[in-house]
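Novice: protein-v7.tsv is reproduced below (TSV, C-alpha atoms (C1' of nucleotides)).
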```tsv
chain	number	residue	atom	x	y	z
A	1450	MET	CA	19.47	-24.59	25.82
A	1451	LYS	CA	17.98	-21.15	25.36
A	1452	LEU	CA	18.99	-18.62	22.78
A	1453	SER	CA	19.92	-15.26	24.28
A	1454	THR	CA	18.38	-11.95	23.27
A	1455	LYS	CA	21.37	-11.46	20.99
A	1456	GLY	CA	20.15	-14.18	18.67
A	1457	ARG	CA	16.47	-13.37	19.03
A	1458	TYR	CA	16.72	-9.62	18.67
A	1459	GLY	CA	19.42	-9.93	16.05
A	1460	LEU	CA	17.38	-12.19	13.80
A	1461	LYS	CA	14.29	-10.01	14.17
A	1462	ALA	CA	16.31	-6.94	13.30
A	1463	MET	CA	17.91	-8.67	10.32
A	1464	LEU	CA	14.52	-9.70	9.00
A	1465	ASP	CA	13.31	-6.13	9.42
A	1466	LEU	CA	16.33	-4.94	7.48
A	1467	ALA	CA	15.72	-7.55	4.79
A	1468	ILE	CA	12.08	-6.51	4.41
A	1469	HIS	CA	13.24	-2.96	3.80
A	1470	HIS	CA	16.07	-4.09	1.58
A	1471	SER	CA	14.82	-2.17	-1.45
A	1472	GLU	CA	14.74	1.16	0.41
A	1473	GLY	CA	18.49	1.47	0.77
A	1474	GLN	CA	20.17	1.91	4.12
A	1475	ILE	CA	18.00	1.66	7.20
A	1476	SER	CA	18.82	3.35	10.51
A	1477	LEU	CA	19.03	1.38	13.70
A	1478	LYS	CA	16.67	3.90	15.24
A	1479	SER	CA	13.85	2.90	12.92
A	1480	ILE	CA	14.50	-0.81	13.43
A	1481	ALA	CA	14.64	-0.30	17.18
A	1482	GLU	CA	11.31	1.50	17.14
A	1483	ARG	CA	9.53	-1.00	14.94
A	1484	GLN	CA	10.85	-4.02	16.81
A	1485	ASP	CA	10.78	-2.45	20.25
A	1486	ILE	CA	14.41	-3.14	21.06
A	1487	SER	CA	16.86	-0.80	22.79
A	1488	GLU	CA	18.69	1.13	20.10
A	1489	ASN	CA	21.94	1.13	22.05
A	1490	TYR	CA	21.77	-2.61	22.47
A	1491	LEU	CA	21.06	-3.07	18.77
A	1492	GLU	CA	24.22	-1.11	18.05
A	1493	GLN	CA	26.22	-3.80	19.78
A	1494	LEU	CA	24.53	-6.53	17.81
A	1495	PHE	CA	25.08	-4.76	14.50
A	1496	ALA	CA	28.73	-4.18	15.34
A	1497	ILE	CA	29.06	-7.98	15.51
A	1498	LEU	CA	27.06	-8.48	12.31
A	1499	ARG	CA	29.15	-5.89	10.50
A	1500	LYS	CA	32.42	-7.49	11.60
A	1501	SER	CA	31.05	-10.81	10.41
A	1502	GLY	CA	30.43	-9.32	6.98
A	1503	ILE	CA	26.70	-9.88	7.10
A	1504	VAL	CA	25.71	-6.21	6.95
A	1505	LYS	CA	27.44	-3.06	5.74
A	1506	SER	CA	27.21	0.30	7.43
A	1507	ILE	CA	26.88	3.75	5.93
A	1508	ARG	CA	28.02	6.40	8.36
A	1509	GLY	CA	26.91	9.96	8.81
A	1510	SER	CA	23.56	11.68	8.65
A	1511	GLN	CA	20.97	9.64	6.76
A	1512	GLY	CA	23.27	6.68	7.26
A	1513	GLY	CA	22.27	3.21	8.28
A	1514	TYR	CA	22.79	-0.43	7.50
A	1515	VAL	CA	22.26	-2.56	4.43
A	1516	LEU	CA	22.51	-6.29	3.87
A	1517	ALA	CA	25.94	-7.20	2.54
A	1518	GLN	CA	24.35	-9.75	0.20
A	1519	GLY	CA	20.90	-10.52	-1.14
A	1520	PRO	CA	18.37	-11.94	1.31
A	1521	ASP	CA	18.54	-15.25	-0.55
A	1522	SER	CA	22.24	-15.56	0.27
A	1523	ILE	CA	22.01	-14.87	3.98
A	1524	THR	CA	21.07	-17.85	6.13
A	1525	VAL	CA	19.54	-17.77	9.56
A	1526	GLY	CA	22.46	-19.94	10.65
A	1527	SER	CA	25.08	-17.38	9.70
A	1528	ILE	CA	23.21	-14.71	11.66
A	1529	LEU	CA	22.69	-16.83	14.76
A	1530	ARG	CA	26.23	-18.18	14.84
A	1531	ALA	CA	27.64	-14.70	14.39
A	1532	LEU	CA	25.68	-13.42	17.34
A	1533	GLU	CA	25.55	-16.41	19.64
A	1534	GLY	CA	28.77	-18.15	18.75
A	1535	SER	CA	28.65	-21.84	17.98
A	1536	LEU	CA	25.22	-23.39	18.37
A	1537	ALA	CA	26.83	-26.54	19.79
A	1538	PRO	CA	25.12	-27.56	23.05
A	1539	VAL	CA	28.46	-28.28	24.74
A	1540	ASP	CA	31.84	-26.63	24.25
A	1541	CYS	CA	33.65	-29.88	23.49
A	1542	VAL	CA	31.88	-30.16	20.13
A	1543	MET	CA	32.21	-26.60	18.91
A	1544	GLU	CA	33.04	-26.44	15.20
A	1545	THR	CA	36.17	-24.36	15.74
A	1546	GLU	CA	38.59	-24.90	18.61
A	1547	PRO	CA	36.45	-27.30	20.63
A	1548	ALA	CA	37.13	-27.27	24.35
A	1549	GLN	CA	39.55	-29.99	25.36
A	1550	CYS	CA	38.32	-32.63	27.74
A	1551	ASN	CA	40.57	-35.09	29.50
A	1552	ARG	CA	38.02	-37.82	28.98
A	1553	ALA	CA	37.42	-37.24	25.28
A	1554	GLU	CA	38.64	-40.73	24.41
A	1555	GLY	CA	35.74	-43.07	24.36
A	1556	CYS	CA	33.36	-40.30	25.40
A	1557	VAL	CA	29.88	-41.45	24.54
A	1558	THR	CA	27.79	-38.42	25.38
A	1559	LYS	CA	29.89	-36.45	22.92
A	1560	LEU	CA	28.16	-38.39	20.15
A	1561	ILE	CA	24.87	-36.96	21.30
A	1562	TRP	CA	26.15	-33.41	21.49
A	1563	LYS	CA	27.45	-33.73	17.94
A	1564	LYS	CA	24.12	-34.97	16.67
A	1565	ILE	CA	22.32	-32.08	18.34
A	1566	ARG	CA	24.83	-29.60	16.97
A	1567	ASP	CA	24.50	-30.95	13.44
A	1568	SER	CA	20.75	-31.10	13.46
A	1569	VAL	CA	20.45	-27.52	14.74
A	1570	ASN	CA	22.92	-26.33	12.13
A	1571	ASP	CA	21.05	-28.18	9.42
A	1572	VAL	CA	17.83	-26.43	10.34
A	1573	VAL	CA	19.20	-22.91	10.54
A	1574	ASP	CA	21.44	-23.26	7.51
A	1575	SER	CA	18.52	-24.35	5.36
A	1576	ILE	CA	16.57	-21.14	5.94
A	1577	THR	CA	17.44	-17.82	4.31
A	1578	LEU	CA	16.12	-14.34	4.95
A	1579	GLU	CA	14.38	-14.63	1.59
A	1580	ASP	CA	12.46	-17.63	2.93
A	1581	LEU	CA	11.41	-15.62	5.95
A	1582	ILE	CA	10.26	-12.69	3.82
A	1583	THR	CA	8.12	-15.10	1.82
A	1584	GLU	CA	6.62	-16.52	4.99
A	1585	TYR	CA	6.09	-13.05	6.28
A	1586	LYS	CA	4.19	-11.91	3.19
A	1587	LYS	CA	2.10	-15.06	3.32
A	1588	ALA	CA	1.27	-14.67	7.00
A	1589	ASN	CA	0.43	-11.00	6.77
A	1590	ASN	CA	-1.17	-11.21	3.33
A	1591	LYS	CA	-0.58	-7.62	2.35
A	1592	ASP	CA	1.94	-5.49	0.58
A	1593	ASP	CA	2.48	-2.77	3.12
A	1594	TYR	CA	3.78	-4.75	6.00
A	1595	MET	CA	2.84	-4.33	9.61
A	1596	TYR	CA	6.49	-4.62	10.48
A	1597	TYR	CA	5.60	-6.98	13.25
A	1598	ILE	CA	8.08	-9.80	13.23
B	1477	MET	CA	22.33	-22.40	23.25
B	1478	LYS	CA	24.46	-24.26	25.76
B	1479	LEU	CA	23.34	-27.06	27.98
B	1480	SER	CA	24.00	-26.42	31.66
B	1481	THR	CA	25.95	-28.74	33.93
B	1482	LYS	CA	22.62	-30.13	35.07
B	1483	GLY	CA	22.08	-31.79	31.72
B	1484	ARG	CA	25.69	-32.73	31.15
B	1485	TYR	CA	26.41	-34.11	34.60
B	1486	GLY	CA	23.00	-35.66	34.84
B	1487	LEU	CA	23.32	-37.60	31.62
B	1488	LYS	CA	26.83	-38.76	32.52
B	1489	ALA	CA	25.61	-39.89	35.91
B	1490	MET	CA	22.62	-41.67	34.39
B	1491	LEU	CA	24.85	-43.50	31.95
B	1492	ASP	CA	27.11	-44.51	34.82
B	1493	LEU	CA	24.07	-45.78	36.67
B	1494	ALA	CA	22.89	-47.66	33.58
B	1495	ILE	CA	26.26	-49.31	33.09
B	1496	HIS	CA	26.05	-50.60	36.66
B	1497	HIS	CA	22.41	-51.50	36.27
B	1498	SER	CA	22.98	-55.19	37.01
B	1499	GLU	CA	24.70	-54.49	40.33
B	1500	GLY	CA	21.60	-53.22	42.08
B	1501	GLN	CA	21.44	-49.82	43.72
B	1502	ILE	CA	24.41	-47.53	43.25
B	1503	SER	CA	25.37	-44.81	45.70
B	1504	LEU	CA	25.76	-41.22	44.57
B	1505	LYS	CA	29.12	-41.22	46.29
B	1506	SER	CA	30.50	-43.82	43.90
B	1507	ILE	CA	29.05	-42.08	40.84
B	1508	ALA	CA	30.42	-38.77	42.05
B	1509	GLU	CA	33.88	-40.27	42.45
B	1510	ARG	CA	33.95	-42.01	39.10
B	1511	GLN	CA	32.58	-39.06	37.18
B	1512	ASP	CA	34.33	-36.38	39.23
B	1513	ILE	CA	31.20	-34.47	40.09
B	1514	SER	CA	30.32	-32.91	43.45
B	1515	GLU	CA	28.28	-35.41	45.40
B	1516	ASN	CA	26.12	-32.72	46.97
B	1517	TYR	CA	25.35	-31.30	43.58
B	1518	LEU	CA	24.50	-34.73	42.22
B	1519	GLU	CA	22.00	-35.09	45.05
B	1520	GLN	CA	20.08	-32.16	43.65
B	1521	LEU	CA	20.08	-33.62	40.16
B	1522	PHE	CA	18.89	-37.01	41.37
B	1523	ALA	CA	16.15	-35.40	43.40
B	1524	ILE	CA	14.83	-34.03	40.10
B	1525	LEU	CA	15.28	-37.36	38.32
B	1526	ARG	CA	13.53	-39.19	41.11
B	1527	LYS	CA	10.57	-36.80	41.08
B	1528	SER	CA	10.39	-37.30	37.32
B	1529	GLY	CA	10.11	-41.04	37.84
B	1530	ILE	CA	13.31	-41.81	35.96
B	1531	VAL	CA	15.19	-43.30	38.92
B	1532	LYS	CA	14.14	-44.86	42.20
B	1533	SER	CA	15.93	-44.38	45.49
B	1534	ILE	CA	16.69	-46.86	48.23
B	1535	ARG	CA	17.33	-45.15	51.53
B	1536	GLY	CA	19.49	-46.12	54.43
B	1537	SER	CA	22.93	-47.63	54.70
B	1538	GLN	CA	23.96	-49.50	51.54
B	1539	GLY	CA	21.21	-47.56	49.79
B	1540	GLY	CA	21.46	-45.83	46.46
B	1541	TYR	CA	19.66	-45.32	43.19
B	1542	VAL	CA	18.41	-47.63	40.48
B	1543	LEU	CA	16.89	-46.98	37.07
B	1544	ALA	CA	13.11	-46.98	37.30
B	1545	GLN	CA	12.92	-48.78	33.94
B	1546	GLY	CA	15.26	-50.73	31.72
B	1547	PRO	CA	17.99	-48.78	29.92
B	1548	ASP	CA	16.22	-49.46	26.64
B	1549	SER	CA	13.14	-47.59	27.90
B	1550	ILE	CA	14.91	-44.47	29.11
B	1551	THR	CA	15.65	-41.88	26.43
B	1552	VAL	CA	18.27	-39.20	26.57
B	1553	GLY	CA	15.47	-36.76	25.85
B	1554	SER	CA	13.53	-37.65	28.99
B	1555	ILE	CA	16.66	-37.17	31.09
B	1556	LEU	CA	17.65	-33.86	29.53
B	1557	ARG	CA	14.16	-32.40	29.62
B	1558	ALA	CA	13.73	-33.46	33.23
B	1559	LEU	CA	16.91	-31.68	34.22
B	1560	GLU	CA	17.00	-28.72	31.85
B	1561	GLY	CA	13.32	-28.12	31.29
B	1562	SER	CA	12.11	-27.76	27.73
B	1563	LEU	CA	14.84	-27.91	25.12
B	1564	ALA	CA	13.05	-25.23	23.08
B	1565	PRO	CA	15.46	-22.46	22.10
B	1566	VAL	CA	12.92	-19.76	22.95
B	1567	ASP	CA	10.21	-19.73	25.62
B	1568	CYS	CA	7.41	-18.94	23.17
B	1569	VAL	CA	7.67	-22.44	21.65
B	1570	MET	CA	7.94	-24.50	24.82
B	1571	GLU	CA	5.89	-27.68	24.60
B	1572	THR	CA	3.89	-26.91	27.75
B	1573	GLU	CA	2.64	-23.45	28.64
B	1574	PRO	CA	4.60	-21.50	26.03
B	1575	ALA	CA	5.39	-17.91	26.97
B	1576	GLN	CA	2.84	-15.49	25.57
B	1577	CYS	CA	4.06	-12.89	23.10
B	1578	ASN	CA	2.02	-9.91	22.01
B	1579	ARG	CA	3.31	-10.32	18.47
B	1580	ALA	CA	2.65	-14.02	18.12
B	1581	GLU	CA	0.27	-13.43	15.22
B	1582	GLY	CA	2.19	-13.63	11.99
B	1583	CYS	CA	5.44	-14.19	13.85
B	1584	VAL	CA	7.88	-15.64	11.39
B	1585	THR	CA	10.90	-16.36	13.55
B	1586	LYS	CA	8.69	-18.59	15.66
B	1587	LEU	CA	8.65	-21.04	12.77
B	1588	ILE	CA	12.40	-21.36	13.09
B	1589	TRP	CA	12.33	-21.86	16.83
B	1590	LYS	CA	9.78	-24.63	16.39
B	1591	LYS	CA	11.91	-26.38	13.80
B	1592	ILE	CA	14.94	-26.22	16.08
B	1593	ARG	CA	12.92	-27.48	19.02
B	1594	ASP	CA	11.52	-30.40	17.03
B	1595	SER	CA	14.83	-31.40	15.55
B	1596	VAL	CA	16.57	-31.37	18.92
B	1597	ASN	CA	13.77	-33.40	20.46
B	1598	ASP	CA	13.91	-35.87	17.58
B	1599	VAL	CA	17.59	-36.44	18.17
B	1600	VAL	CA	17.46	-36.91	21.91
B	1601	ASP	CA	14.27	-38.93	21.89
B	1602	SER	CA	15.75	-41.39	19.42
B	1603	ILE	CA	18.63	-42.36	21.73
B	1604	THR	CA	18.21	-44.56	24.79
B	1605	LEU	CA	20.61	-45.39	27.58
B	1606	GLU	CA	20.86	-48.86	26.05
B	1607	ASP	CA	22.18	-47.29	22.85
B	1608	LEU	CA	24.78	-45.42	24.85
B	1609	ILE	CA	25.88	-48.54	26.70
B	1610	THR	CA	26.35	-50.26	23.35
B	1611	GLU	CA	28.42	-47.36	22.07
B	1612	TYR	CA	30.36	-47.35	25.27
B	1613	LYS	CA	31.26	-51.02	25.04
B	1614	LYS	CA	32.24	-50.58	21.42
B	1615	ALA	CA	34.42	-47.56	22.12
B	1616	ASN	CA	36.14	-49.07	25.11
B	1617	ASN	CA	36.28	-52.57	23.69
B	1618	LYS	CA	36.55	-54.36	26.98
B	1619	ASP	CA	34.34	-55.92	29.56
B	1620	ASP	CA	35.55	-54.19	32.67
B	1621	TYR	CA	34.79	-50.62	31.85
B	1622	MET	CA	36.99	-47.68	32.53
B	1623	TYR	CA	33.95	-45.82	33.76
B	1624	TYR	CA	35.06	-42.80	31.78
B	1625	ILE	CA	32.02	-41.31	30.17
C	534	DG	C1'	23.81	-47.66	68.31
C	535	DA	C1'	26.75	-46.02	64.90
C	536	DA	C1'	27.75	-45.45	60.27
C	537	DA	C1'	26.18	-44.96	55.62
C	538	DA	C1'	23.33	-43.52	52.79
C	539	DG	C1'	19.31	-40.53	50.90
C	540	DC	C1'	16.50	-36.08	51.75
C	541	DC	C1'	15.88	-31.11	52.17
C	542	DG	C1'	16.21	-26.10	52.38
C	543	DA	C1'	19.02	-22.23	52.55
C	544	DG	C1'	23.03	-19.67	51.49
C	545	DT	C1'	26.73	-17.96	48.31
C	546	DA	C1'	30.44	-17.00	44.97
C	547	DA	C1'	31.17	-16.58	40.28
C	548	DT	C1'	29.59	-15.79	35.83
C	549	DA	C1'	26.70	-14.29	32.16
C	550	DT	C1'	23.12	-11.45	30.44
C	551	DA	C1'	21.02	-7.40	29.02
C	552	DC	C1'	21.34	-3.64	28.99
C	553	DT	C1'	22.88	1.87	29.98
C	554	DT	C1'	26.03	5.67	29.70
C	555	DG	C1'	29.02	8.81	27.73
C	556	DG	C1'	31.48	10.05	24.53
C	557	DG	C1'	33.82	10.35	19.71
C	558	DA	C1'	33.87	10.15	14.35
C	559	DT	C1'	31.49	10.80	9.95
C	560	DT	C1'	28.46	12.83	6.73
C	561	DG	C1'	24.26	15.05	4.40
C	562	DG	C1'	21.25	19.00	4.36
C	563	DG	C1'	20.20	23.72	5.39
D	1076	DC	C1'	30.18	25.69	7.24
D	1077	DC	C1'	27.70	24.07	10.97
D	1078	DC	C1'	24.65	20.98	13.08
D	1079	DA	C1'	21.89	17.21	13.54
D	1080	DA	C1'	21.68	12.46	12.54
D	1081	DT	C1'	23.86	8.58	12.48
D	1082	DC	C1'	27.36	5.02	13.18
D	1083	DC	C1'	31.24	3.63	16.39
D	1084	DC	C1'	33.35	2.23	20.75
D	1085	DA	C1'	34.59	1.23	25.56
D	1086	DA	C1'	33.18	0.91	30.04
D	1087	DG	C1'	30.01	0.50	33.66
D	1088	DT	C1'	26.04	-1.80	36.05
D	1089	DA	C1'	21.90	-4.14	37.69
D	1090	DT	C1'	19.80	-8.48	37.47
D	1091	DA	C1'	19.51	-13.25	36.92
D	1092	DT	C1'	21.40	-17.64	36.55
D	1093	DT	C1'	24.53	-21.16	37.52
D	1094	DA	C1'	26.98	-24.16	40.13
D	1095	DC	C1'	27.77	-25.16	43.65
D	1096	DT	C1'	28.42	-25.53	49.41
D	1097	DC	C1'	26.64	-26.19	54.04
D	1098	DG	C1'	24.16	-27.96	57.80
D	1099	DG	C1'	21.10	-30.84	59.51
D	1100	DC	C1'	17.45	-34.43	59.44
D	1101	DT	C1'	15.64	-39.31	58.22
D	1102	DT	C1'	16.09	-44.05	57.10
D	1103	DT	C1'	18.23	-48.43	57.14
D	1104	DT	C1'	21.90	-51.92	57.56
D	1105	DC	C1'	25.50	-54.06	60.20
```
Kindly transcribe the structure held in the file into structure tokens.
Specialist:
Amino acid sequence: MKLSTKGRYGLKAMLDLAIHHSEGQISLKSIAERQDISENYLEQLFAILRKSGIVKSIRGSQGGYVLAQGPDSITVGSILRALEGSLAPVDCVMETEPAQCNRAEGCVTKLIWKKIRDSVNDVVDSITLEDLITEYKKANNKDDYMYYI
Amino acid sequence: MKLSTKGRYGLKAMLDLAIHHSEGQISLKSIAERQDISENYLEQLFAILRKSGIVKSIRGSQGGYVLAQGPDSITVGSILRALEGSLAPVDCVMETEPAQCNRAEGCVTKLIWKKIRDSVNDVVDSITLEDLITEYKKANNKDDYMYYI
DNA sequence: GAAAAGCCGAGTAATATACTTGGGATTGGG
DNA sequence: CCCAATCCCAAGTATATTACTCGGCTTTTC
């Protein structure tokens, strides 16, 4: 039941991007340095995020990434699901195209997997990047951030 | 964020065992056949469950396993955590000996991981094997069960 | 005493993860 | 106009994990 580095790194990087939202596009290189993540690996994560419509890219020198919407419109859930796929604990209860199971009729454990899925989704869908920025400012109690996330 | 077969098979097997609770000890062979799980693999899972005090074994011919407590006292959470380890989505928020992180101070994403952990635990700790048996009887609407779980 | 069960440790094939590598395309600044 | 910075993309790879299998021992009933 662990999240992979995709979700963990991806969310950290997205929060970093959100914190720098007002500065225009931000290069992956700078995010990678601040968050101590492989830049090449981050590229792969941002390719997914871009295709999901969560970030926009600006190519060329001085290019980078920007949030596609305001931080208050981007939920943690949309980021995690983009990167990790469904957060369902078992494939048979994935939101889209659930895996077929020959014993699905009268399957009792499925009820549990659905409850877990829904409760995880409820948590992550209720938190936006804006919320995290607020928490971040509170925790670090300063205006020039330490960039530690 | 997927559960492994340990958790999935283990819970199915435990529910099977609970359904046959009144019949005394049940052999892994019969559970393996009904649930279509490798018997050798089930052995490993039940070794864990036994060491966790969730089931008791009876050795020798005609031996098998029995629930260590009544189905109403065994939660899905205790079974899943025994088999899967902590259900925390990230090691830094495991209930016991959380992984140390050099950026733990002011870490914002950690708040999310804790919320996910707690909500998953709340779900699985609120469901007992007894609850599942009840659901099972309701879904299958008969007294001699199909044993499909 | 033989068969049926649990117990145990080691081995292994397949899969997934977490990257790295090497290049190509685009664009701003000198 | 070139070049460095940056995004873009596909493929390769080392490591770890998963999901088992295998072989043999121990205990107990019939």
Novice: What does the structure give for the distance between atom CA of Thr1572 of chain B and atom CA of Ile1588 of chain B, in Å to one decimal?
Specialist: 17.8 Å
Novice: So how far away is atom CA of Val1504 of chain A from atom CA of Ala1517 of chain A, in Å?
Specialist: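 That distance, rounded to one decimal, is 4.5 Å.
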Novice: Using only C-alpha atoms (C1' of nucleotides), which chain C residues lie at most 9 Å away from chain B, written as a list in words?
Specialist: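 Using only C-alpha atoms (C1' of nucleotides), chain C residues at most 9 Å from chain B: DA536, DA537, DA538, DG539 and DC540 of chain C.
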Novice: Could you work out how far atom CA of Ser1501 of chain A lies from atom CA of Leu1529 of chain A, giving the answer in Å with one decimal?
Specialist: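 Atom-to-atom, atom CA of Leu1529 of chain A to atom CA of Ser1501 of chain A, that is 11.2 Å.
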Novice: Taking the point (16.7, -21.7, 24.2) as given in the file, collect each protein or nucleic acid residue that comes within 10 Å of it, counting all atoms listed in the file, and present the set as a list in words.
Specialist: Met1450, Lys1451, Leu1452, Ser1453, Thr1454, Gly1456 and Arg1457 of chain A; Met1477, Lys1478, Leu1479, Ser1562, Leu1563, Ala1564, Pro1565, Val1566, Asp1567, Cys1568, Val1569, Met1570, Trp1589, Ile1592 and Arg1593 of chain B
Novice: Kindly determine which residues of chain D lie within 6 Å of chain B, considering all atoms listed in the file, and give the answer as an MDAnalysis selection string.
Specialist: chainID D and resid 1102:1104
Novice: Convert the current residue selection to file output with C-alpha atoms (C1' of nucleotides), as a compact mmCIF listing (two decimals), in the coordinates of the input.
Specialist:
```txt
# COMPACT_ATOMS: atom_id res chain seq x y z
C1' DT D 1102 16.09 -44.05 57.10
C1' DT D 1103 18.23 -48.43 57.14
C1' DT D 1104 21.90 -51.92 57.56
```
Novice: Using 3 Å of padding on each side, determine the axis-aligned box around all atoms of segment 1502-1513 of chain A present in the file and give its centre and edge lengths in Å to one decimal, as AutoDock Vina command-line options.
Specialist:
```
--center_x 25.7 --center_y 0.9 --center_z 7.3 --size_x 15.5 --size_y 27.6 --size_z 9.1
```
